[in-house]
Amino acid sequence: MKVTTKGQVTIPQAIRDKKNITADTEVEFIEAPDGRIYIEVVTPTIKKSRFRTAHKVASVTMTTDEIMALTRGDN
């Protein structure tokens, strides 16, 4: 298998199928102590939405009328 001028190699189809590697799959190159290089599929982490994280966290002591007065600029 040859490396292109851009440093790219093609992962054989049989290995891509076996490891479920598709066009958007992230992989990581790992060098073992013996000098061998391994390719490992990166397990995606599920990010929590920033809105879910903030849910029920705020503590507002103002009434709705007071908030509306602030947004309208009422004095």
# chains A, B, ... in the order shown; residues from 1 in each chain; ligands from 1
$ select_by_dssp --residues "region 7-62 of chain A" --states "strand (DSSP E)" --output "list of chain:residue names"
A:Val27, A:Glu28, A:Phe29, A:Ile30, A:Glu31, A:Ile37, A:Tyr38, A:Ile39, A:Glu40, A:Val41
$ residues_around --residues "Val27 (chain A)" --least-positions-apart "4" --cutoff "8 Å" --atoms "only C-alpha atoms" --output "number ranges by chain"
A: 39-42
$ atom_distance --atom1 "CA of Ser49 (chain A)" --atom2 "CA of Met62 (chain A)"
26.2 Å
$ closest_residue --among "A:Lys48, A:Thr43, A:Gln8, A:Tyr38" --to "Asn20 (chain A)" --atoms "only C-alpha atoms"
A:Thr43
